[in-house]
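The structure appears below as structure tokens.
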Number of protein chains: 2
Amino acid sequence: MGEFDLIERYFKSAAKTHGRVDLGIGDDCALISPAPGMQLAISSDMLVEGRHFLSTVSPEALGHKALAVNLSDLAACGAQPLGFTLALAMPRVDASWLQGFSEGLLRLADAHGCALVGGDTTAGPLNICITVFGQVPSGQALLRSGAQAGDDIYVSGSPGQARLALEAFRGSISLPEAAFAQMRERMERPQPRVALGLALRGIASSCIDVSDGLLGDLRHILKASGTGADIQLSAIDSIANNAVFMPTNGHFSQEFGRQMVLAGGDDYELLFTAPQAQREAVRRAAIAAQVPVTRIGSVTAQPELRLLEADGALLENSFASFDHFKS
Amino acid sequence: MGEFDLIERYFKSAAKTHGRVDLGIGDDCALISPAPGMQLAISSDMLVEGRHFLSTVSPEALGHKALAVNLSDLAACGAQPLGFTLALAMPRVDASWLQGFSEGLLRLADAHGCALVGGDTTAGPLNICITVFGQVPSGQALLRSGAQAGDDIYVSGSPGQARLALEAFRGSISLPEAAFAQMRERMERPQPRVALGLALRGIASSCIDVSDGLLGDLRHILKASGTGADIQLSAIDSIANNAVFMPTNGHFSQEFGRQMVLAGGDDYELLFTAPQAQREAVRRAAIAAQVPVTRIGSVTAQPELRLLEADGALLENSFASFDHFKS
């Protein structure tokens, strides 16, 4: 298998060691020193072909995405990336695949100052496991549990686009070429909202990254916070019309647009809450991070999740239908 | 798949949160605070069926081993375990498998004060990826690179036993029942030498854990340190005769015994060097850690690895033959 050669050849030389990494690849352990007063934030994700990516994805895009979904977890906590480990199982050593994969991986890593500090390679069915480490000032991490009744609810970017690309791949919809290219980029190369997460420290009351779908992940916040939520469907329609489907406006039904935005998944946007008094601060954080943010509803004391039409009418059984939308 | 239920049911409730873990399973990230003046030591290993374990292994033993091989990396650095993440791909949700696996995993974790802080579960070919975190006083980690000419070379425990069990499983040798049970235990439930690693801080000049085979891993130390080594075959024979093959003394040839000890692999013993002036300190560390330690040779300035018979004769081409022994 040439495990050691593999690491040295494709991963070691290109990985940059950043400030807080004392020892990177090449010993039994990596050594990291978080700055004084910092907590270490840790997250781990495993990607498997067919479930997390399609066989059609380029190795470079896959390298990007494998790290991006992990950086997205750090972003959701408001943590600054420090480093990551990579464990990789491959059916065989494929030089061109490794070249592309490591390029996509390390380009994103360098863009976020996140050093590859160690890992493991082995023969086996393709499997990518990344564990990422970041630091956050003690007590300032954004958690799921801080939402309060009366808080606003926001989502960043354009959730729904990744799912739209997936539907196009599956052949269940067709998209104009330019629109497909844009949606595919969102699916294959999600941009973790690290800068936004950092900017929201001290402002957001709770935060999560949208991986399973907006409503499903919102329920994690509501459960952890012991609250409910009212979601304004006019805001969801606005995301669908203006952001998600801009190139193909009018192509799809309102219902389909709402499904994409609310239950699409694989978005890696930040879903967060903040007190109403922080509206101006949220606006400035979004500008500083150069990420659009949409206010989509508010937190309620009553622990239920309601979807409301513009006239205040309740969409019946609405969460259940979106919850089971995912295949 | 019921990913969230799985974690809560089998892993969350049983995982104990220890002193330095501020936030465990259930948010986007776990939060850990290493003590002031400490570096964080990190290691990641991926286990795949057929390569790292046999399909005959019990889920409980597999849970033990998956964490043990990671704790062994911390031991080799002299780091105190803090916590770990688990990423798990499974073909299907198998309740009895998960029950056994989590029991074996968490029993060893608790024995070492190492908390399960997060992870991921997904559908896919069986794959276990663990990333472990420990802490070590800044600058005191045991590295591969510190060996000096004149240092003694030591190995803990009884390397070779795991390989002997593997050969018995393969049918290439037969073992008496009691001996097979003992060797199988070494293969399936290796005991990470955490206490010995901690006791060797400030004493050992370099350290590695033996996973690929004693000679192969020794070469990592020699390469990192820019040194060579003379290994005394009488010490290797002594390990083979007295420790490895005690129940079956006389069963196997001297050559076979040496192959088992020097190139067996999967041992998870500590291989380390220490200045001659530290012999008494090493002896006391071994007693404190309750792990037998054998002095097997010495570090040389000349960067080659030599195997010497009791009369000083050099075993010709010796490393090469052991290096290619592994299947």
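Starting from 1 in every chain, residues are counted up; chains themselves are A, B, ... following the order of the structure tokens, and ligands are numbered from 1 as listed.
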
Long-range neighbours of range 149-162 of chain A as a PyMOL selection string, 6 Å cut-off, only C-alpha atoms, 4 positions minimum in chain: chain A and resi 183+186-187+243-244+260-261+264+267+269-276+292-301

Take the residues that were just selected and, keeping N, CA, C and O atoms, output them as an mmCIF file, in the first residue's frame.
```cif
data_model
loop_
_atom_site.group_PDB
_atom_site.id
_atom_site.type_symbol
_atom_site.label_atom_id
_atom_site.label_comp_id
_atom_site.auth_asym_id
_atom_site.auth_seq_id
_atom_site.Cartn_x
_atom_site.Cartn_y
_atom_site.Cartn_z
ATOM 1 N N MET A 183 -25.594 25.581 -9.697
ATOM 2 C CA MET A 183 -26.128 24.732 -8.618
ATOM 3 C C MET A 183 -25.149 23.595 -8.294
ATOM 4 O O MET A 183 -24.950 23.227 -7.147
ATOM 5 N N ARG A 186 -22.514 24.680 -6.069
ATOM 6 C CA ARG A 186 -22.961 24.748 -4.672
ATOM 7 C C ARG A 186 -22.985 23.370 -4.028
ATOM 8 O O ARG A 186 -22.700 23.219 -2.851
ATOM 9 N N MET A 187 -23.353 22.358 -4.804
ATOM 10 C CA MET A 187 -23.412 21.000 -4.263
ATOM 11 C C MET A 187 -22.013 20.439 -4.036
ATOM 12 O O MET A 187 -21.729 19.817 -3.013
ATOM 13 N N ALA A 243 -33.000 34.003 -5.011
ATOM 14 C CA ALA A 243 -31.637 33.504 -4.875
ATOM 15 C C ALA A 243 -31.473 32.128 -5.512
ATOM 16 O O ALA A 243 -30.613 31.920 -6.365
ATOM 17 N N VAL A 244 -32.325 31.218 -5.128
ATOM 18 C CA VAL A 244 -32.118 29.847 -5.587
ATOM 19 C C VAL A 244 -32.384 29.702 -7.079
ATOM 20 O O VAL A 244 -31.601 29.119 -7.815
ATOM 21 N N MET A 260 -37.325 22.730 -1.743
ATOM 22 C CA MET A 260 -35.871 22.849 -1.941
ATOM 23 C C MET A 260 -35.231 23.628 -0.791
ATOM 24 O O MET A 260 -34.234 23.202 -0.210
ATOM 25 N N VAL A 261 -35.808 24.790 -0.476
ATOM 26 C CA VAL A 261 -35.202 25.668 0.533
ATOM 27 C C VAL A 261 -35.313 25.068 1.932
ATOM 28 O O VAL A 261 -34.356 25.095 2.711
ATOM 29 N N GLY A 264 -33.999 20.808 1.533
ATOM 30 C CA GLY A 264 -33.050 20.346 0.523
ATOM 31 C C GLY A 264 -31.866 19.592 1.094
ATOM 32 O O GLY A 264 -31.566 18.466 0.704
ATOM 33 N N ASP A 267 -26.564 22.001 2.407
ATOM 34 C CA ASP A 267 -26.424 23.424 2.100
ATOM 35 C C ASP A 267 -25.170 24.054 2.717
ATOM 36 O O ASP A 267 -24.544 24.920 2.125
ATOM 37 N N GLU A 269 -25.055 26.167 4.965
ATOM 38 C CA GLU A 269 -25.293 27.550 5.363
ATOM 39 C C GLU A 269 -25.441 27.588 6.881
ATOM 40 O O GLU A 269 -25.592 26.544 7.521
ATOM 41 N N LEU A 270 -25.373 28.776 7.467
ATOM 42 C CA LEU A 270 -25.605 28.900 8.902
ATOM 43 C C LEU A 270 -27.055 29.290 9.165
ATOM 44 O O LEU A 270 -27.590 30.204 8.531
ATOM 45 N N LEU A 271 -27.668 28.585 10.073
ATOM 46 C CA LEU A 271 -29.015 28.876 10.550
ATOM 47 C C LEU A 271 -28.834 29.329 11.991
ATOM 48 O O LEU A 271 -28.260 28.590 12.794
ATOM 49 N N PHE A 272 -29.286 30.545 12.309
ATOM 50 C CA PHE A 272 -28.996 31.057 13.647
ATOM 51 C C PHE A 272 -30.117 31.944 14.160
ATOM 52 O O PHE A 272 -30.975 32.399 13.401
ATOM 53 N N THR A 273 -30.090 32.166 15.455
ATOM 54 C CA THR A 273 -31.053 33.065 16.089
ATOM 55 C C THR A 273 -30.290 34.210 16.740
ATOM 56 O O THR A 273 -29.113 34.072 17.090
ATOM 57 N N ALA A 274 -30.976 35.350 16.887
ATOM 58 C CA ALA A 274 -30.367 36.509 17.559
ATOM 59 C C ALA A 274 -31.489 37.368 18.128
ATOM 60 O O ALA A 274 -32.589 37.429 17.557
ATOM 61 N N PRO A 275 -31.236 38.010 19.260
ATOM 62 C CA PRO A 275 -32.252 38.909 19.828
ATOM 63 C C PRO A 275 -32.616 40.004 18.825
ATOM 64 O O PRO A 275 -31.768 40.430 18.027
ATOM 65 N N GLN A 276 -33.862 40.485 18.880
ATOM 66 C CA GLN A 276 -34.279 41.550 17.967
ATOM 67 C C GLN A 276 -33.379 42.779 18.083
ATOM 68 O O GLN A 276 -33.142 43.470 17.100
ATOM 69 N N PRO A 292 -24.806 36.973 2.215
ATOM 70 C CA PRO A 292 -26.171 37.434 2.421
ATOM 71 C C PRO A 292 -26.856 36.635 3.519
ATOM 72 O O PRO A 292 -26.598 35.440 3.680
ATOM 73 N N VAL A 293 -27.681 37.319 4.289
ATOM 74 C CA VAL A 293 -28.402 36.684 5.390
ATOM 75 C C VAL A 293 -29.864 37.098 5.285
ATOM 76 O O VAL A 293 -30.160 38.260 5.029
ATOM 77 N N THR A 294 -30.785 36.139 5.437
ATOM 78 C CA THR A 294 -32.217 36.428 5.347
ATOM 79 C C THR A 294 -32.892 36.111 6.674
ATOM 80 O O THR A 294 -32.681 35.036 7.239
ATOM 81 N N ARG A 295 -33.715 37.076 7.155
ATOM 82 C CA ARG A 295 -34.491 36.823 8.366
ATOM 83 C C ARG A 295 -35.738 36.057 7.969
ATOM 84 O O ARG A 295 -36.486 36.499 7.101
ATOM 85 N N ILE A 296 -35.938 34.881 8.554
ATOM 86 C CA ILE A 296 -37.012 33.998 8.072
ATOM 87 C C ILE A 296 -38.087 33.707 9.105
ATOM 88 O O ILE A 296 -39.043 32.993 8.809
ATOM 89 N N GLY A 297 -37.965 34.234 10.322
ATOM 90 C CA GLY A 297 -39.002 33.950 11.305
ATOM 91 C C GLY A 297 -38.573 34.342 12.696
ATOM 92 O O GLY A 297 -37.618 35.111 12.870
ATOM 93 N N SER A 298 -39.263 33.789 13.684
ATOM 94 C CA SER A 298 -38.935 34.135 15.059
ATOM 95 C C SER A 298 -39.151 32.947 15.989
ATOM 96 O O SER A 298 -39.939 32.036 15.701
ATOM 97 N N VAL A 299 -38.427 32.974 17.093
ATOM 98 C CA VAL A 299 -38.493 31.914 18.091
ATOM 99 C C VAL A 299 -39.714 32.148 18.972
ATOM 100 O O VAL A 299 -40.025 33.284 19.328
ATOM 101 N N THR A 300 -40.424 31.061 19.290
ATOM 102 C CA THR A 300 -41.619 31.158 20.133
ATOM 103 C C THR A 300 -41.446 30.331 21.398
ATOM 104 O O THR A 300 -40.664 29.378 21.429
ATOM 105 N N ALA A 301 -42.186 30.712 22.421
ATOM 106 C CA ALA A 301 -42.106 29.969 23.686
ATOM 107 C C ALA A 301 -42.775 28.597 23.551
ATOM 108 O O ALA A 301 -42.295 27.600 24.096
#
```

Quick one: everything within 10 Å of Ser225 in chain A, counting only C-alpha atoms, minus sequence neighbours fewer than 2 positions away in the same chain. Send it as a JSON list (two decimals) with all heavy atoms, in the first residue's frame.
```
[["chain", "number", "residue", "atom", "x", "y", "z"],
["A", 143, "LEU", "N", -23.76, 27.87, 20.42],
["A", 143, "LEU", "CA", -24.33, 26.54, 20.64],
["A", 143, "LEU", "C", -25.75, 26.49, 20.09],
["A", 143, "LEU", "O", -26.33, 27.49, 19.71],
["A", 143, "LEU", "CB", -24.33, 26.22, 22.14],
["A", 143, "LEU", "CG", -22.96, 26.32, 22.83],
["A", 143, "LEU", "CD1", -23.09, 25.94, 24.30],
["A", 143, "LEU", "CD2", -21.94, 25.42, 22.14],
["A", 144, "ARG", "N", -26.29, 25.28, 20.07],
["A", 144, "ARG", "CA", -27.67, 25.11, 19.61],
["A", 144, "ARG", "C", -28.67, 25.51, 20.67],
["A", 144, "ARG", "O", -29.84, 25.73, 20.38],
["A", 144, "ARG", "CB", -27.91, 23.64, 19.24],
["A", 144, "ARG", "CG", -27.00, 23.13, 18.14],
["A", 144, "ARG", "CD", -27.26, 21.65, 17.87],
["A", 144, "ARG", "NE", -26.39, 21.17, 16.79],
["A", 144, "ARG", "CZ", -26.39, 19.93, 16.32],
["A", 144, "ARG", "NH1", -27.22, 19.04, 16.84],
["A", 144, "ARG", "NH2", -25.58, 19.58, 15.34],
["A", 145, "SER", "N", -28.21, 25.61, 21.88],
["A", 145, "SER", "CA", -29.12, 25.66, 23.02],
["A", 145, "SER", "C", -29.49, 27.06, 23.49],
["A", 145, "SER", "O", -30.20, 27.20, 24.49],
["A", 145, "SER", "CB", -28.50, 24.88, 24.18],
["A", 145, "SER", "OG", -27.18, 25.36, 24.42],
["A", 146, "GLY", "N", -29.05, 28.11, 22.79],
["A", 146, "GLY", "CA", -29.23, 29.45, 23.35],
["A", 146, "GLY", "C", -30.43, 30.24, 22.84],
["A", 146, "GLY", "O", -30.61, 31.40, 23.23],
["A", 147, "ALA", "N", -31.26, 29.66, 21.97],
["A", 147, "ALA", "CA", -32.38, 30.43, 21.41],
["A", 147, "ALA", "C", -33.40, 30.80, 22.48],
["A", 147, "ALA", "O", -33.72, 29.98, 23.34],
["A", 147, "ALA", "CB", -33.04, 29.63, 20.30],
["A", 148, "GLN", "N", -33.88, 32.05, 22.44],
["A", 148, "GLN", "CA", -34.88, 32.53, 23.40],
["A", 148, "GLN", "C", -36.13, 32.97, 22.66],
["A", 148, "GLN", "O", -36.04, 33.51, 21.55],
["A", 148, "GLN", "CB", -34.31, 33.76, 24.15],
["A", 148, "GLN", "CG", -33.04, 33.51, 24.92],
["A", 148, "GLN", "CD", -33.29, 32.91, 26.28],
["A", 148, "GLN", "OE1", -34.38, 33.04, 26.82],
["A", 148, "GLN", "NE2", -32.29, 32.22, 26.81],
["A", 149, "ALA", "N", -37.30, 32.79, 23.28],
["A", 149, "ALA", "CA", -38.55, 33.26, 22.67],
["A", 149, "ALA", "C", -38.42, 34.74, 22.34],
["A", 149, "ALA", "O", -37.92, 35.53, 23.15],
["A", 149, "ALA", "CB", -39.71, 33.02, 23.63],
["A", 205, "SER", "N", -27.68, 34.07, 19.31],
["A", 205, "SER", "CA", -27.99, 33.38, 20.55],
["A", 205, "SER", "C", -27.90, 31.86, 20.39],
["A", 205, "SER", "O", -27.73, 31.13, 21.36],
["A", 205, "SER", "CB", -29.39, 33.76, 21.05],
["A", 205, "SER", "OG", -30.36, 33.58, 20.01],
["A", 206, "SER", "N", -28.00, 31.38, 19.15],
["A", 206, "SER", "CA", -27.80, 29.96, 18.86],
["A", 206, "SER", "C", -27.42, 29.84, 17.39],
["A", 206, "SER", "O", -27.67, 30.76, 16.60],
["A", 206, "SER", "CB", -29.06, 29.13, 19.13],
["A", 206, "SER", "OG", -30.05, 29.37, 18.14],
["A", 219, "ARG", "N", -35.03, 22.19, 13.93],
["A", 219, "ARG", "CA", -35.58, 21.40, 15.04],
["A", 219, "ARG", "C", -34.52, 21.03, 16.07],
["A", 219, "ARG", "O", -34.82, 20.90, 17.26],
["A", 219, "ARG", "CB", -36.27, 20.14, 14.51],
["A", 219, "ARG", "CG", -37.74, 20.44, 14.15],
["A", 219, "ARG", "CD", -38.35, 19.33, 13.35],
["A", 219, "ARG", "NE", -38.49, 18.09, 14.09],
["A", 219, "ARG", "CZ", -39.62, 17.69, 14.68],
["A", 219, "ARG", "NH1", -40.69, 18.45, 14.65],
["A", 219, "ARG", "NH2", -39.68, 16.53, 15.28],
["A", 220, "HIS", "N", -33.27, 20.86, 15.63],
["A", 220, "HIS", "CA", -32.20, 20.60, 16.61],
["A", 220, "HIS", "C", -32.01, 21.80, 17.53],
["A", 220, "HIS", "O", -31.81, 21.66, 18.73],
["A", 220, "HIS", "CB", -30.88, 20.29, 15.89],
["A", 220, "HIS", "CG", -30.90, 18.99, 15.16],
["A", 220, "HIS", "ND1", -31.25, 17.81, 15.75],
["A", 220, "HIS", "CD2", -30.62, 18.69, 13.87],
["A", 220, "HIS", "CE1", -31.19, 16.82, 14.87],
["A", 220, "HIS", "NE2", -30.81, 17.33, 13.72],
["A", 221, "ILE", "N", -32.07, 23.01, 16.95],
["A", 221, "ILE", "CA", -31.97, 24.22, 17.77],
["A", 221, "ILE", "C", -33.15, 24.30, 18.74],
["A", 221, "ILE", "O", -32.98, 24.55, 19.93],
["A", 221, "ILE", "CB", -31.92, 25.49, 16.88],
["A", 221, "ILE", "CG1", -30.54, 25.62, 16.23],
["A", 221, "ILE", "CG2", -32.26, 26.74, 17.70],
["A", 221, "ILE", "CD1", -30.35, 26.92, 15.44],
["A", 222, "LEU", "N", -34.35, 24.07, 18.22],
["A", 222, "LEU", "CA", -35.54, 24.21, 19.05],
["A", 222, "LEU", "C", -35.54, 23.20, 20.19],
["A", 222, "LEU", "O", -35.88, 23.52, 21.33],
["A", 222, "LEU", "CB", -36.80, 24.04, 18.19],
["A", 222, "LEU", "CG", -36.93, 25.04, 17.02],
["A", 222, "LEU", "CD1", -38.24, 24.82, 16.28],
["A", 222, "LEU", "CD2", -36.79, 26.48, 17.50],
["A", 223, "LYS", "N", -35.13, 21.97, 19.87],
["A", 223, "LYS", "CA", -35.09, 20.93, 20.90],
["A", 223, "LYS", "C", -34.06, 21.29, 21.98],
["A", 223, "LYS", "O", -34.33, 21.20, 23.18],
["A", 223, "LYS", "CB", -34.74, 19.58, 20.26],
["A", 223, "LYS", "CG", -34.85, 18.39, 21.20],
["A", 223, "LYS", "CD", -34.51, 17.10, 20.50],
["A", 223, "LYS", "CE", -34.40, 15.95, 21.50],
["A", 223, "LYS", "NZ", -33.75, 14.77, 20.95],
["A", 227, "THR", "N", -37.61, 25.53, 22.81],
["A", 227, "THR", "CA", -38.47, 26.58, 22.24],
["A", 227, "THR", "C", -39.16, 26.07, 20.99],
["A", 227, "THR", "O", -38.92, 24.94, 20.54],
["A", 227, "THR", "CB", -37.64, 27.82, 21.86],
["A", 227, "THR", "OG1", -36.65, 27.42, 20.91],
["A", 227, "THR", "CG2", -36.96, 28.44, 23.06],
["A", 228, "GLY", "N", -40.02, 26.91, 20.39],
["A", 228, "GLY", "CA", -40.62, 26.64, 19.09],
["A", 228, "GLY", "C", -40.23, 27.74, 18.12],
["A", 228, "GLY", "O", -39.38, 28.58, 18.43],
["A", 299, "VAL", "N", -38.43, 32.97, 17.09],
["A", 299, "VAL", "CA", -38.49, 31.91, 18.09],
["A", 299, "VAL", "C", -39.71, 32.15, 18.97],
["A", 299, "VAL", "O", -40.03, 33.28, 19.33],
["A", 299, "VAL", "CB", -37.21, 31.91, 18.95],
["A", 299, "VAL", "CG1", -37.27, 30.82, 20.02],
["A", 299, "VAL", "CG2", -35.98, 31.74, 18.06],
["A", 301, "ALA", "N", -42.19, 30.71, 22.42],
["A", 301, "ALA", "CA", -42.11, 29.97, 23.69],
["A", 301, "ALA", "C", -42.77, 28.60, 23.55],
["A", 301, "ALA", "O", -42.29, 27.60, 24.10],
["A", 301, "ALA", "CB", -42.77, 30.77, 24.81],
["A", 303, "PRO", "N", -43.42, 25.17, 22.23],
["A", 303, "PRO", "CA", -42.44, 24.33, 21.53],
["A", 303, "PRO", "C", -43.02, 23.62, 20.30],
["A", 303, "PRO", "O", -43.09, 22.40, 20.27],
["A", 303, "PRO", "CB", -42.00, 23.33, 22.59],
["A", 303, "PRO", "CG", -43.16, 23.23, 23.51],
["A", 303, "PRO", "CD", -43.83, 24.57, 23.51]]
```

Using only C-alpha atoms, tabulate the residues of chain A lying at most 7 Å from any atom of chain B, each with its closest atom pair and that distance in Å to one decimal, by chain and increasing residue number, as a tab-separated table.
```
residue	atom	partner	partner_atom	distance
A:Asp27	CA	B:Arg144	CA	6.4
A:Asp28	CA	B:Asp73	CA	5.3
A:Cys29	CA	B:Ser43	CA	4.8
A:Ala30	CA	B:Ile42	CA	5.0
A:Leu31	CA	B:Ala41	CA	4.7
A:Ile32	CA	B:Leu40	CA	5.0
A:Ser33	CA	B:Gln39	CA	4.9
A:Gln39	CA	B:Ser33	CA	4.9
A:Leu40	CA	B:Ile32	CA	5.0
A:Ala41	CA	B:Leu31	CA	4.6
A:Ile42	CA	B:Cys29	CA	5.0
A:Ser43	CA	B:Cys29	CA	4.8
A:Ser44	CA	B:Gly119	CA	5.3
A:Asp45	CA	B:Asp120	CA	5.6
A:Met46	CA	B:Ala87	CA	6.1
A:Val48	CA	B:Gly124	CA	6.4
A:Asp73	CA	B:Asp28	CA	5.2
A:Leu74	CA	B:Cys29	CA	6.6
A:Ala76	CA	B:Asp28	CA	6.7
A:Cys77	CA	B:Cys29	CA	6.7
A:Thr85	CA	B:Ser44	CA	6.7
A:Ala87	CA	B:Met46	CA	6.1
A:Gly118	CA	B:Ser43	CA	6.9
A:Gly119	CA	B:Ser44	CA	5.3
A:Asp120	CA	B:Asp45	CA	5.6
A:Gly124	CA	B:Val48	CA	6.4
A:Pro125	CA	B:Pro125	CA	6.8
A:Cys129	CA	B:Cys129	CA	6.8
A:Thr131	CA	B:Thr131	CA	7.0
A:Leu143	CA	B:Asp27	CA	6.7
A:Arg144	CA	B:Asp27	CA	6.4
A:Ile208	CA	B:Asp28	CA	6.7
```

Based on the backbone DSSP call, show me all residues of range 18-211 of chain B assigned helix (DSSP H, G or I), as a PyMOL selection string. chain B and resi 59-77+95-111+144-146+161-170+177-188+194-199
